[in-house]
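Okay, structure_1.csv now, which holds CSV, C-alpha atoms and all ligand atoms:
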chain,number,residue,atom,x,y,z
A,5,MET,CA,96.3,82.9,79.9
A,6,PRO,CA,96.3,86.6,80.7
A,7,ALA,CA,95.8,87.1,84.4
A,8,THR,CA,92.2,87.1,85.4
A,9,PRO,CA,91.5,89.9,87.9
A,10,SER,CA,90.2,88.5,91.1
A,11,SER,CA,89.1,90.2,94.3
A,12,ASP,CA,92.0,88.8,96.3
A,13,ARG,CA,94.5,90.4,93.9
A,14,GLN,CA,96.3,93.4,95.3
A,15,VAL,CA,95.5,96.1,92.7
A,16,SER,CA,97.6,99.2,92.8
A,17,GLY,CA,96.2,100.6,89.5
A,18,ALA,CA,93.4,103.1,89.0
A,19,THR,CA,90.2,102.9,87.1
A,20,ILE,CA,89.9,105.1,84.0
A,21,GLU,CA,86.7,106.3,82.5
A,22,LEU,CA,86.2,108.0,79.2
A,23,ASP,CA,82.9,109.8,78.8
A,24,VAL,CA,82.0,110.7,75.2
A,25,VAL,CA,85.5,112.0,74.5
A,26,THR,CA,86.1,113.8,71.2
A,27,LYS,CA,89.2,115.3,69.7
A,28,SER,CA,89.0,117.4,66.5
A,29,TYR,CA,92.3,118.6,65.1
A,30,PRO,CA,92.2,122.0,63.4
A,31,GLY,CA,91.8,121.7,59.6
A,32,GLN,CA,90.5,118.1,59.7
A,33,SER,CA,87.1,117.4,58.4
A,34,ARG,CA,86.3,114.6,60.8
A,35,PRO,CA,87.3,114.2,64.5
A,36,ALA,CA,90.2,111.9,65.1
A,37,VAL,CA,88.4,110.6,68.1
A,38,ASP,CA,84.6,110.9,67.9
A,39,GLY,CA,82.7,110.4,71.1
A,40,LEU,CA,84.7,107.6,72.7
A,41,SER,CA,83.3,106.1,75.9
A,42,LEU,CA,85.2,103.5,77.7
A,43,HIS,CA,85.7,101.9,81.1
A,44,ILE,CA,89.2,100.6,81.9
A,45,PRO,CA,89.2,98.6,85.1
A,46,ALA,CA,91.9,99.1,87.7
A,47,GLY,CA,94.8,96.6,87.5
A,48,GLU,CA,94.2,95.4,83.9
A,49,ILE,CA,96.2,95.6,80.7
A,50,VAL,CA,94.1,97.1,78.0
A,51,MET,CA,95.5,97.0,74.4
A,52,PHE,CA,94.4,99.6,71.8
A,53,VAL,CA,94.6,98.2,68.3
A,54,GLY,CA,93.2,99.3,64.9
A,55,PRO,CA,94.2,100.4,61.5
A,56,SER,CA,96.7,103.2,61.0
A,57,GLY,CA,95.1,106.6,61.6
A,58,CYS,CA,92.1,105.3,63.5
A,59,GLY,CA,92.9,107.4,66.6
A,60,LYS,CA,94.8,105.0,68.9
A,61,THR,CA,97.6,107.4,69.8
A,62,THR,CA,95.3,110.4,70.1
A,63,SER,CA,93.1,108.5,72.5
A,64,LEU,CA,96.1,107.4,74.6
A,65,LYS,CA,97.7,110.8,74.8
A,66,MET,CA,94.5,112.3,76.0
A,67,LEU,CA,94.8,110.1,79.1
A,68,ASN,CA,97.8,112.1,80.3
A,69,ARG,CA,96.9,115.4,78.6
A,70,LEU,CA,99.7,115.4,76.1
A,71,ILE,CA,96.6,116.1,74.0
A,72,ASP,CA,93.6,117.9,75.4
A,73,PRO,CA,90.1,116.6,74.3
A,74,THR,CA,87.9,119.0,72.4
A,75,SER,CA,85.0,117.8,74.5
A,76,GLY,CA,84.0,115.0,76.9
A,77,ARG,CA,85.4,113.9,80.3
A,78,ILE,CA,88.2,111.7,81.4
A,79,VAL,CA,88.1,110.4,84.9
A,80,VAL,CA,91.1,108.7,86.5
A,81,ASP,CA,90.7,107.2,90.0
A,82,GLY,CA,87.5,109.2,90.4
A,83,GLU,CA,89.1,112.5,89.5
A,84,ASP,CA,88.3,114.5,86.4
A,85,ILE,CA,91.8,115.0,84.9
A,86,THR,CA,90.8,117.7,82.4
A,87,THR,CA,90.9,120.1,85.4
A,88,LYS,CA,94.2,118.9,86.7
A,89,ASP,CA,97.6,120.5,86.2
A,90,PRO,CA,99.1,118.5,83.3
A,91,ASP,CA,102.6,118.4,84.9
A,92,GLN,CA,101.4,117.0,88.1
A,93,LEU,CA,99.2,114.5,86.3
A,94,ARG,CA,102.1,113.2,84.2
A,95,ARG,CA,104.1,112.5,87.4
A,96,LYS,CA,101.3,110.1,88.4
A,97,ILE,CA,101.0,108.5,85.0
A,98,GLY,CA,104.0,106.6,83.6
A,99,TYR,CA,104.6,106.9,79.9
A,100,VAL,CA,106.7,104.5,77.9
A,101,ILE,CA,107.3,105.0,74.2
A,102,GLN,CA,109.1,103.2,71.4
A,103,GLY,CA,112.8,103.0,71.9
A,104,GLY,CA,112.6,104.1,75.5
A,105,SER,CA,113.3,107.7,74.4
A,106,LEU,CA,116.1,108.1,77.0
A,107,PHE,CA,118.0,111.3,77.4
A,108,PRO,CA,121.4,110.6,75.8
A,109,HIS,CA,123.4,112.9,78.1
A,110,LEU,CA,122.0,111.2,81.3
A,111,THR,CA,123.1,107.9,82.7
A,112,VAL,CA,120.7,105.0,83.1
A,113,ALA,CA,120.2,105.9,86.8
A,114,GLN,CA,119.6,109.5,86.1
A,115,ASN,CA,117.1,108.7,83.4
A,116,ILE,CA,115.2,106.4,85.7
A,117,GLY,CA,115.4,108.8,88.6
A,118,LEU,CA,114.0,111.8,86.6
A,119,VAL,CA,110.4,111.7,88.0
A,120,PRO,CA,111.5,110.8,91.6
A,121,GLY,CA,113.8,113.8,91.3
A,122,LEU,CA,110.9,116.1,90.3
A,123,LEU,CA,108.9,114.7,93.2
A,124,LYS,CA,111.8,115.7,95.5
A,125,TRP,CA,112.6,112.2,96.8
A,126,ASP,CA,115.8,112.2,98.8
A,127,LYS,CA,118.9,110.7,97.1
A,128,THR,CA,119.0,107.5,99.0
A,129,ARG,CA,115.4,106.6,98.3
A,130,THR,CA,115.9,107.4,94.6
A,131,ARG,CA,119.1,105.4,94.4
A,132,GLU,CA,117.4,102.4,96.1
A,133,ARG,CA,114.4,102.7,93.7
A,134,VAL,CA,116.6,102.9,90.6
A,135,ASP,CA,118.4,99.7,91.7
A,136,GLU,CA,115.1,97.9,92.5
A,137,LEU,CA,113.7,98.8,89.1
A,138,LEU,CA,116.8,97.8,87.2
A,139,ASP,CA,116.6,94.4,88.9
A,140,LEU,CA,112.9,94.2,88.1
A,141,VAL,CA,113.5,94.8,84.4
A,142,GLY,CA,116.3,92.3,84.3
A,143,LEU,CA,119.4,94.6,84.2
A,144,ALA,CA,122.1,94.1,86.9
A,145,PRO,CA,122.3,97.5,88.7
A,146,ALA,CA,126.0,97.4,89.3
A,147,THR,CA,126.7,96.8,85.6
A,148,TYR,CA,124.1,99.2,84.1
A,149,ARG,CA,123.4,102.1,86.5
A,150,HIS,CA,126.3,104.3,85.3
A,151,ARG,CA,126.0,103.6,81.6
A,152,TYR,CA,124.8,106.0,79.0
A,153,PRO,CA,122.0,105.1,76.6
A,154,LYS,CA,124.4,104.7,73.7
A,155,GLU,CA,126.2,102.0,75.6
A,156,LEU,CA,123.0,99.9,75.7
A,157,SER,CA,121.4,97.6,73.1
A,158,GLY,CA,117.9,98.6,71.7
A,159,GLY,CA,116.3,96.0,74.0
A,160,GLN,CA,118.2,97.3,77.1
A,161,GLN,CA,117.2,100.9,76.3
A,162,GLN,CA,113.6,99.8,76.1
A,163,ARG,CA,113.9,98.1,79.5
A,164,VAL,CA,115.3,101.3,81.0
A,165,GLY,CA,112.3,103.1,79.4
A,166,VAL,CA,109.9,100.7,81.1
A,167,ALA,CA,111.8,101.2,84.4
A,168,ARG,CA,111.6,105.0,84.0
A,169,GLY,CA,107.8,104.7,83.4
A,170,LEU,CA,107.5,102.7,86.7
A,171,ALA,CA,109.9,104.9,88.7
A,172,ALA,CA,107.4,106.9,90.8
A,173,ASP,CA,105.2,103.9,91.2
A,174,PRO,CA,102.3,105.5,89.2
A,175,PRO,CA,99.0,103.7,89.3
A,176,VAL,CA,98.6,104.1,85.5
A,177,ILE,CA,101.1,103.4,82.8
A,178,LEU,CA,100.6,104.4,79.2
A,179,MET,CA,102.6,102.7,76.5
A,180,ASP,CA,102.8,103.6,72.8
A,181,GLU,CA,104.2,100.8,70.6
A,182,PRO,CA,106.7,100.1,73.4
A,183,PHE,CA,108.3,97.1,71.8
A,184,GLY,CA,108.1,98.2,68.2
A,185,ALA,CA,111.8,99.0,67.7
A,186,VAL,CA,113.4,95.7,68.8
A,187,ASP,CA,114.0,92.4,67.1
A,188,PRO,CA,111.3,89.6,67.6
A,189,ILE,CA,113.2,87.6,70.2
A,190,THR,CA,113.9,90.7,72.3
A,191,ARG,CA,110.3,91.8,71.9
A,192,GLN,CA,109.1,88.4,73.2
A,193,ARG,CA,111.4,88.7,76.2
A,194,LEU,CA,110.2,92.3,76.9
A,195,GLN,CA,106.6,91.2,76.7
A,196,ASP,CA,107.3,88.4,79.1
A,197,GLU,CA,108.9,90.8,81.5
A,198,LEU,CA,106.0,93.2,81.3
A,199,LEU,CA,103.7,90.3,82.2
A,200,SER,CA,105.9,89.3,85.0
A,201,ILE,CA,106.1,92.9,86.4
A,202,GLN,CA,102.4,93.2,86.1
A,203,GLU,CA,101.9,90.0,88.1
A,204,GLU,CA,103.8,91.8,90.9
A,205,LEU,CA,102.5,95.3,90.6
A,206,HIS,CA,98.9,95.1,89.2
A,207,LYS,CA,99.0,98.5,87.5
A,208,THR,CA,96.5,99.8,85.0
A,209,ILE,CA,98.4,99.6,81.7
A,210,VAL,CA,97.0,101.1,78.5
A,211,CYS,CA,99.1,100.1,75.5
A,212,VAL,CA,98.8,101.0,71.8
A,213,THR,CA,100.1,98.4,69.4
A,214,HIS,CA,99.7,97.6,65.7
A,215,ASP,CA,100.4,94.0,66.4
A,216,ILE,CA,97.3,91.9,67.1
A,217,ASP,CA,99.4,89.0,68.4
A,218,GLU,CA,101.0,91.3,70.9
A,219,ALA,CA,97.5,92.5,71.9
A,220,ILE,CA,96.3,88.9,72.4
A,221,LYS,CA,99.4,88.0,74.4
A,222,LEU,CA,99.5,91.0,76.7
A,223,GLY,CA,95.9,92.2,77.0
A,224,ASP,CA,93.4,91.3,79.7
A,225,ARG,CA,91.2,93.2,77.3
A,226,ILE,CA,91.6,94.4,73.7
A,227,LEU,CA,90.0,97.5,72.3
A,228,ILE,CA,89.6,97.3,68.5
A,229,LEU,CA,89.0,100.7,67.0
A,230,ARG,CA,88.0,101.8,63.5
A,231,GLU,CA,88.3,105.2,62.0
A,232,GLY,CA,87.4,108.1,64.4
A,233,ALA,CA,88.1,105.8,67.4
A,234,GLN,CA,84.8,104.0,66.9
A,235,ILE,CA,84.7,100.8,69.0
A,236,ALA,CA,84.5,97.8,66.8
A,237,GLN,CA,84.9,95.4,69.8
A,238,TYR,CA,86.1,95.7,73.4
A,239,ASP,CA,86.5,92.4,75.1
A,240,THR,CA,88.9,89.7,76.3
A,241,PRO,CA,91.2,88.1,73.8
A,242,GLU,CA,89.4,84.8,74.2
A,243,VAL,CA,86.0,86.3,73.3
A,244,ILE,CA,87.4,88.4,70.4
A,245,LEU,CA,89.0,85.3,68.9
A,246,ALA,CA,86.0,83.0,69.6
A,247,ALA,CA,83.3,85.5,68.7
A,248,PRO,CA,84.4,88.5,66.6
A,249,ALA,CA,81.6,91.0,66.9
A,250,ASN,CA,81.5,91.9,63.2
A,251,GLU,CA,83.2,91.5,59.9
A,252,PHE,CA,85.6,94.4,60.6
A,253,VAL,CA,87.0,92.6,63.7
A,254,GLU,CA,87.1,89.3,61.8
A,255,ASP,CA,89.2,90.9,59.1
A,256,PHE,CA,91.4,92.7,61.5
A,257,VAL,CA,92.1,89.7,63.7
A,258,GLY,CA,92.8,88.0,60.4
A,259,SER,CA,92.9,84.5,59.2
A,260,GLY,CA,94.5,81.7,61.1
A,261,SER,CA,92.6,82.3,64.3
A,262,THR,CA,93.4,78.7,65.3
A,263,LEU,CA,97.0,79.7,65.1
A,264,LYS,CA,96.2,82.8,67.1
A,265,GLN,CA,94.9,80.5,69.9
A,266,LEU,CA,98.5,79.6,70.4
A,267,SER,CA,99.1,83.2,71.6
A,268,LEU,CA,96.6,82.4,74.4
A,269,ALA,CA,98.3,79.2,75.4
A,270,ARG,CA,101.3,79.7,77.7
A,271,VAL,CA,104.3,77.6,78.4
A,272,GLY,CA,103.2,77.6,82.1
A,273,ASP,CA,100.1,75.7,81.0
A,274,LEU,CA,102.2,72.7,80.0
A,275,GLU,CA,103.2,70.1,82.5
A,276,LEU,CA,106.8,71.0,83.3
A,277,GLN,CA,109.5,68.4,83.7
A,278,GLN,CA,111.8,68.5,86.7
A,279,VAL,CA,115.5,68.0,85.9
A,280,ALA,CA,118.5,67.4,88.2
A,281,THR,CA,119.7,70.7,89.5
A,282,ALA,CA,122.5,72.0,91.7
A,283,ARG,CA,123.8,75.3,92.8
A,284,VAL,CA,127.3,76.7,92.1
A,285,GLY,CA,129.4,75.8,95.1
A,286,ASP,CA,127.4,72.7,96.1
A,287,ARG,CA,129.5,69.7,97.1
A,288,VAL,CA,130.1,67.4,94.1
A,289,ALA,CA,129.9,64.2,96.3
A,290,GLU,CA,126.5,65.3,97.7
A,291,VAL,CA,125.2,66.3,94.2
A,292,ARG,CA,126.3,62.9,92.8
A,293,ARG,CA,124.6,61.1,95.7
A,294,GLN,CA,121.4,63.0,95.3
A,295,HIS,CA,121.1,62.3,91.6
A,296,ALA,CA,122.5,58.8,91.5
A,297,GLU,CA,119.2,57.5,90.2
A,298,SER,CA,118.8,60.1,87.5
A,299,ARG,CA,118.6,58.5,84.0
A,300,ASN,CA,119.4,61.9,82.4
A,301,PRO,CA,123.1,62.6,82.4
A,302,TRP,CA,122.6,66.4,82.4
A,303,LEU,CA,122.6,68.6,85.5
A,304,LEU,CA,121.3,72.1,85.4
A,305,VAL,CA,123.4,74.6,87.4
A,306,LEU,CA,121.6,77.4,89.2
A,307,ASP,CA,123.0,80.6,90.8
A,308,GLU,CA,122.4,81.7,94.3
A,309,ARG,CA,119.0,83.1,93.3
A,310,GLN,CA,117.8,80.0,91.6
A,311,ARG,CA,118.4,81.4,88.2
A,312,PRO,CA,119.6,78.8,85.6
A,313,LEU,CA,123.2,79.3,84.4
A,314,GLY,CA,123.8,76.3,82.2
A,315,TRP,CA,124.1,72.6,81.8
A,316,THR,CA,126.9,70.3,82.9
A,317,ARG,CA,127.2,66.5,82.7
A,318,LEU,CA,126.7,64.7,86.0
A,319,ASP,CA,129.3,62.1,85.1
A,320,ARG,CA,131.9,64.7,84.3
A,321,LEU,CA,131.7,66.7,87.6
A,322,ASP,CA,135.1,66.9,89.2
A,323,GLY,CA,136.8,68.8,92.0
A,324,ASP,CA,135.1,69.4,95.3
A,325,ALA,CA,132.4,71.9,94.4
A,326,VAL,CA,130.1,72.6,91.4
A,327,ARG,CA,131.6,75.3,89.2
A,328,ARG,CA,129.9,77.8,86.9
A,329,PRO,CA,129.1,76.0,83.7
A,330,ASP,CA,129.4,77.0,80.1
A,331,THR,CA,126.4,79.2,79.6
A,332,SER,CA,126.3,79.2,75.8
A,333,ARG,CA,124.0,76.2,75.3
A,334,LEU,CA,121.3,77.2,77.6
A,335,THR,CA,117.9,78.1,76.2
A,336,THR,CA,115.4,79.6,78.6
A,337,ILE,CA,111.8,80.5,78.1
A,338,ASP,CA,109.6,82.5,80.5
A,339,ARG,CA,106.6,80.6,81.7
A,340,ARG,CA,104.4,83.5,80.4
A,341,ALA,CA,105.8,83.1,76.9
A,342,THR,CA,103.2,81.9,74.4
A,343,LEU,CA,103.6,78.5,72.7
A,344,ASN,CA,104.4,80.4,69.5
A,345,ASP,CA,107.3,82.1,71.3
A,346,ALA,CA,108.4,78.8,72.7
A,347,LEU,CA,108.6,77.2,69.3
A,348,ASP,CA,110.7,80.2,68.0
A,349,SER,CA,113.1,79.9,70.9
A,350,MET,CA,113.3,76.1,70.8
A,351,LEU,CA,114.1,75.9,67.1
A,352,ALA,CA,117.4,77.5,67.9
A,353,ALA,CA,118.0,75.1,70.9
A,354,THR,CA,120.3,72.2,70.3
A,355,GLU,CA,119.1,70.0,73.2
A,356,GLY,CA,115.4,70.0,72.1
A,357,MET,CA,114.7,71.1,75.6
A,358,ALA,CA,114.3,74.6,77.2
A,359,VAL,CA,114.5,75.6,80.8
A,360,VAL,CA,111.4,77.4,82.0
A,361,THR,CA,111.8,80.3,84.3
A,362,GLY,CA,109.2,82.3,86.3
A,363,ARG,CA,109.3,85.3,88.6
A,364,ARG,CA,112.6,87.1,88.6
A,365,ASP,CA,114.0,84.4,86.2
A,366,GLU,CA,113.9,81.7,88.8
A,367,TYR,CA,114.0,78.0,87.6
A,368,GLN,CA,110.6,76.3,87.4
A,369,GLY,CA,111.2,73.2,85.3
A,370,ALA,CA,111.9,72.2,81.7
A,371,VAL,CA,109.9,71.7,78.6
A,372,THR,CA,110.7,69.6,75.6
A,373,PHE,CA,110.1,70.4,71.9
A,374,ASP,CA,107.8,67.4,71.8
A,375,ALA,CA,105.7,68.6,74.7
A,376,VAL,CA,105.2,71.9,73.0
A,377,THR,CA,104.2,70.5,69.6
A,378,THR,CA,101.9,67.9,71.2
A,379,HIS,CA,100.1,70.7,73.1
A,380,ILE,CA,99.9,72.7,70.0
A,381,ARG,CA,98.3,69.8,68.1
A,382,SER,CA,95.7,69.3,70.9
A,383,VAL,CA,94.9,73.1,70.9
A,384,ALA,CA,94.4,73.0,67.2
A,385,ALA,CA,92.3,69.8,67.4
A,386,GLY,CA,90.1,71.2,70.2
A,387,ARG,CA,89.5,74.3,68.1
A,388,GLU,CA,88.4,72.4,65.0
A,389,GLU,CA,85.8,70.5,67.1
A,390,GLU,CA,84.2,73.6,68.3
A,391,PRO,CA,80.9,74.6,66.6
A,392,VAL,CA,81.4,77.6,64.3
A,401,LIG,N1,98.6,116.9,65.3
A,401,LIG,C1,97.7,116.5,64.4
A,401,LIG,N2,97.1,117.5,63.6
A,401,LIG,C2,96.2,117.1,62.7
A,401,LIG,N3,95.8,115.8,62.5
A,401,LIG,C3,96.3,114.9,63.3
A,401,LIG,C4,97.3,115.2,64.3
A,401,LIG,N4,97.7,114.0,64.9
A,401,LIG,C5,96.9,113.1,64.4
A,401,LIG,N5,96.1,113.6,63.4
A,401,LIG,C6,95.1,112.8,62.6
A,401,LIG,O1,94.2,112.2,63.5
A,401,LIG,C7,93.9,110.8,63.1
A,401,LIG,C8,94.3,109.9,64.2
A,401,LIG,O2,95.7,109.9,64.4
A,401,LIG,P1,96.4,108.9,65.5
A,401,LIG,O3,97.8,109.2,65.5
A,401,LIG,O4,95.7,109.0,66.8
A,401,LIG,O5,96.1,107.5,64.9
A,401,LIG,P2,96.7,106.1,65.2
A,401,LIG,O6,95.6,105.1,65.2
A,401,LIG,O7,97.6,106.2,66.4
A,401,LIG,O8,97.6,105.8,63.9
A,401,LIG,P3,99.0,105.0,63.7
A,401,LIG,O9,98.7,103.6,64.0
A,401,LIG,O10,99.3,105.3,62.3
A,401,LIG,O11,100.0,105.6,64.6
A,401,LIG,C9,94.7,110.6,61.8
A,401,LIG,O12,93.9,110.9,60.7
A,401,LIG,C10,95.8,111.7,61.8
A,401,LIG,O13,96.2,112.1,60.6
As structure tokens:
Amino acid sequence: MPATPSSDRQVSGATIELDVVTKSYPGQSRPAVDGLSLHIPAGEIVMFVGPSGCGKTTSLKMLNRLIDPTSGRIVVDGEDITTKDPDQLRRKIGYVIQGGSLFPHLTVAQNIGLVPGLLKWDKTRTRERVDELLDLVGLAPATYRHRYPKELSGGQQQRVGVARGLAADPPVILMDEPFGAVDPITRQRLQDELLSIQEELHKTIVCVTHDIDEAIKLGDRILILREGAQIAQYDTPEVILAAPANEFVEDFVGSGSTLKQLSLARVGDLELQQVATARVGDRVAEVRRQHAESRNPWLLVLDERQRPLGWTRLDRLDGDAVRRPDTSRLTTIDRRATLNDALDSMLAATEGMAVVTGRRDEYQGAVTFDAVTTHIRSVAAGREEEPV
């Protein structure tokens, strides 16, 4: 389930208020955004969706004044931003776009450190921040900080783009189709990472997507727009799926809304199985003694930060200490992944079992293909019994 905001949650995001905001482009007969009023609560992820040309990107870009509204007011954290210096404003609002849009002649560290540099942070603080962010987006700092964008995969570039958006710890982050340019499995991982980062940081994130499944997975709320940025519905994914406000929303969300419920159910909602684990370097004799009763011959080897490395057989352990295992057969799923994502990943898994990871990729448990399919059947059955 998307995180439910609660009063004990430490929110570092800011509230955003749009008050009858209109944008008319010269030469267009109708405004691209026609009187949009919207309240975006601090610390939430709000997804903008709607058909092509309905005004999503225009609405988003007005929030950091990449586009100035023709009329109306936009208030961020109590301050009317239409009167603020756009450069200063943009340093307080992170911006992440498709592909990461990194500067090709700058290293990863220099790309991430751009805004801290503009804010005149000293070198040590910037360096520490860059490493912290690389870690947060799942890239080992020592390996990646000195690389150039062309030496990274598409998914890695996108991760660096997210890190750059977060660099100066802005309360608000705007994202425009951030994961549009990567393959489905990488997209799923990046989405999981964003949810994981948000669990730690509680920013206000406004994200444009054309993918309703992505909106359901990531959004605390979804804004469904029609032409002229007219609001068709603005609500939580659960409400939009269960009670679409009108035919437009129904059509937009599409058929198979039972299937879409699977984007609401998360791997973390399943009961996880605990498997035998040991860390690299643990004494073999001790590990054998600990798991003497285990009926499963497999041992999951973790690194020093509790991150799964791979499977090894308990009965084939030799030498004094547990060694690094073969990592090729390990399938991991983030606990924030949807059941749809889990199925996709597990179809490729040979063991019929995937290791579930949580915050900072730490081991949490394991889930079997059967457990996922059983849960899916129960979700589907539950939906069918609900009154229409
Ligand atoms: N610079 C511009 N000059 C004139 N018209 C524009 C400009 N930018 C956008 N428009 C028009 O404004 C409307 C809204 O565009 P916008 O890019 O905000 O839509 P969108 O919902 O983000 O679309 P998409 O999903 O295709 O990216 C469209 O009709 C578009 O043609």
Practice item. Write out as a ChimeraX atom specification each polymer residue whose atoms come within 12 Å of Asp135 of chain A, counting only C-alpha atoms; drop sequence neighbours fewer than 2 positions from it. Key: /A:112-114,116-117,128-133,137-150,164,167-168,171
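Proximity ranking of A:Val50, A:Ile97, A:Met66, A:Val257 relative to ligand LIG 401 (chain A) places A:Met66 first, based on all atoms listed in the file.
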Exercise for review: Could you give me, as number ranges by chain, the residues within 8 Å of Leu303 of chain A, counting only C-alpha atoms and dropping anything in the same chain fewer than 5 positions from it?
Suggested key: A: 279-282, 315-318
Sorted by chain and rising residue number, list the residues of chain A at most 9 Å from ligand LIG 401 (chain A) (counting all atoms listed in the file), each with its closest atom pair and distance in Å to one decimal, as a tab-separated table.
residue	atom	partner	partner_atom	distance
A:Lys27	CA	A:LIG401	O1	8.5
A:Ser28	CA	A:LIG401	O1	7.9
A:Tyr29	CA	A:LIG401	C2	4.8
A:Pro30	CA	A:LIG401	C2	6.4
A:Gly31	CA	A:LIG401	C2	7.1
A:Gln32	CA	A:LIG401	N3	6.4
A:Arg34	CA	A:LIG401	O12	8.5
A:Pro35	CA	A:LIG401	O1	7.3
A:Ala36	CA	A:LIG401	O1	4.3
A:Val37	CA	A:LIG401	C8	7.1
A:Phe52	CA	A:LIG401	O6	8.7
A:Val53	CA	A:LIG401	O6	7.6
A:Gly54	CA	A:LIG401	O6	6.3
A:Pro55	CA	A:LIG401	O9	6.1
A:Ser56	CA	A:LIG401	O10	3.6
A:Gly57	CA	A:LIG401	O8	3.5
A:Cys58	CA	A:LIG401	O6	3.9
A:Gly59	CA	A:LIG401	O4	3.2
A:Lys60	CA	A:LIG401	O6	3.8
A:Thr61	CA	A:LIG401	O7	3.6
A:Thr62	CA	A:LIG401	O4	3.6
A:Ser63	CA	A:LIG401	O4	6.3
A:Leu64	CA	A:LIG401	O4	8.0
A:Lys65	CA	A:LIG401	O4	8.4
A:Ile71	CA	A:LIG401	N1	9.0
A:Asp180	CA	A:LIG401	O7	8.6
A:Glu181	CA	A:LIG401	O11	8.8
A:Val212	CA	A:LIG401	O7	7.6
A:Thr213	CA	A:LIG401	O9	7.6
A:His214	CA	A:LIG401	O9	6.3
A:Leu229	CA	A:LIG401	O6	8.1
A:Arg230	CA	A:LIG401	O6	8.5
A:Glu231	CA	A:LIG401	C8	7.9
A:Gly232	CA	A:LIG401	C8	7.1
A:Ala233	CA	A:LIG401	O6	7.8
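Across the model, the gap from atom CA of Leu106 of chain A to atom CA of Gln161 of chain A is 7.3 Å.
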Check your understanding: Pick the closest to Ile78 of chain A from A:Asp23, A:Asp338, A:Asp239, A:Glu251: which is it, counting only C-alpha atoms?
Key -> A:Asp23
Practice item. Determine, counting all atoms listed in the file, which protein, DNA and RNA residues have an atom within 6 Å of an atom of Val326 of chain A; residues of the same chain fewer than 4 positions away are not included. Present the result as an MDAnalysis selection string. Key: chainID A and resid 284:286 288
Resulting file, chosen residues, C-alpha atoms, as a PDB file, in the coordinates of the input:
ATOM      1  CA  VAL A 284     127.300  76.700  92.100  1.00  0.00           C
ATOM      2  CA  GLY A 285     129.400  75.800  95.100  1.00  0.00           C
ATOM      3  CA  ASP A 286     127.400  72.700  96.100  1.00  0.00           C
ATOM      4  CA  VAL A 288     130.100  67.400  94.100  1.00  0.00           C
TER       5      VAL A 288
END
Point to revise | Radius query 8 Å about (91.2, 114.3, 79.3), atoms used: all atoms listed in the file, as number ranges by chain | key: A: 25, 66-69, 71-73, 76-79, 84-86
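Picture a line from atom CA of Leu306 of chain A to atom CA of Arg151 of chain A; it runs 27.6 Å.
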Check your understanding: Using all atoms listed in the file, what residues lie at most 10 Å away from (108.6, 85.1, 73.6) (file coordinates), given as a ChimeraX atom specification?
Key -> /A:188-197,221,267,270-271,337-349
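Going from atom CA of Glu290 of chain A over to atom CA of Gly323 of chain A, you cover 12.3 Å.
Restricting the calculation to all atoms listed in the file, the smallest distance between Ala358 of chain A and any of A:Asp330, A:Met51, A:Leu276, A:Arg292 is found for A:Leu276.
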Practice item. Rank A:His295, A:His43, A:His379, A:Arg283 by their smallest atom-to-atom distance to Arg328 of chain A, using only C-alpha atoms, and report the top residue only. Key: A:Arg283
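When all atoms listed in the file are used to measure the gap to Gly223 of chain A, the shortest distance among A:Tyr238, A:Trp125, A:Phe252, A:Phe183 belongs to A:Tyr238.
Using all atoms listed in the file, the shortest contact distance between Arg311 of chain A and any of A:Lys124, A:Lys207, A:Arg364, A:Arg94 is found at A:Arg364.
Residues lying within 12 Å of Glu254 of chain A, counting all atoms listed in the file and ignoring same-chain neighbours fewer than 2 positions away, are Ile216, Ile228, Ala236, Gln237, Val243, Ile244, Leu245, Ala246, Ala247, Pro248, Ala249, Asn250, Glu251, Phe252, Phe256, Val257, Gly258, Ser259, Gly260 and Ser261 of chain A.
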Near Gly169 of chain A, counting all atoms listed in the file, which residues have an atom at most 6 Å away, once you skip same-chain residues fewer than 6 positions from it, shown as a PDB file with C-alpha atoms, in the frame of the given file?
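Dumped to result-v8.pdb:
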ATOM      1  CA  GLY A  98     104.000 106.600  83.600  1.00  0.00           C
ATOM      2  CA  TYR A  99     104.600 106.900  79.900  1.00  0.00           C
ATOM      3  CA  VAL A 100     106.700 104.500  77.900  1.00  0.00           C
TER       4      VAL A 100
END
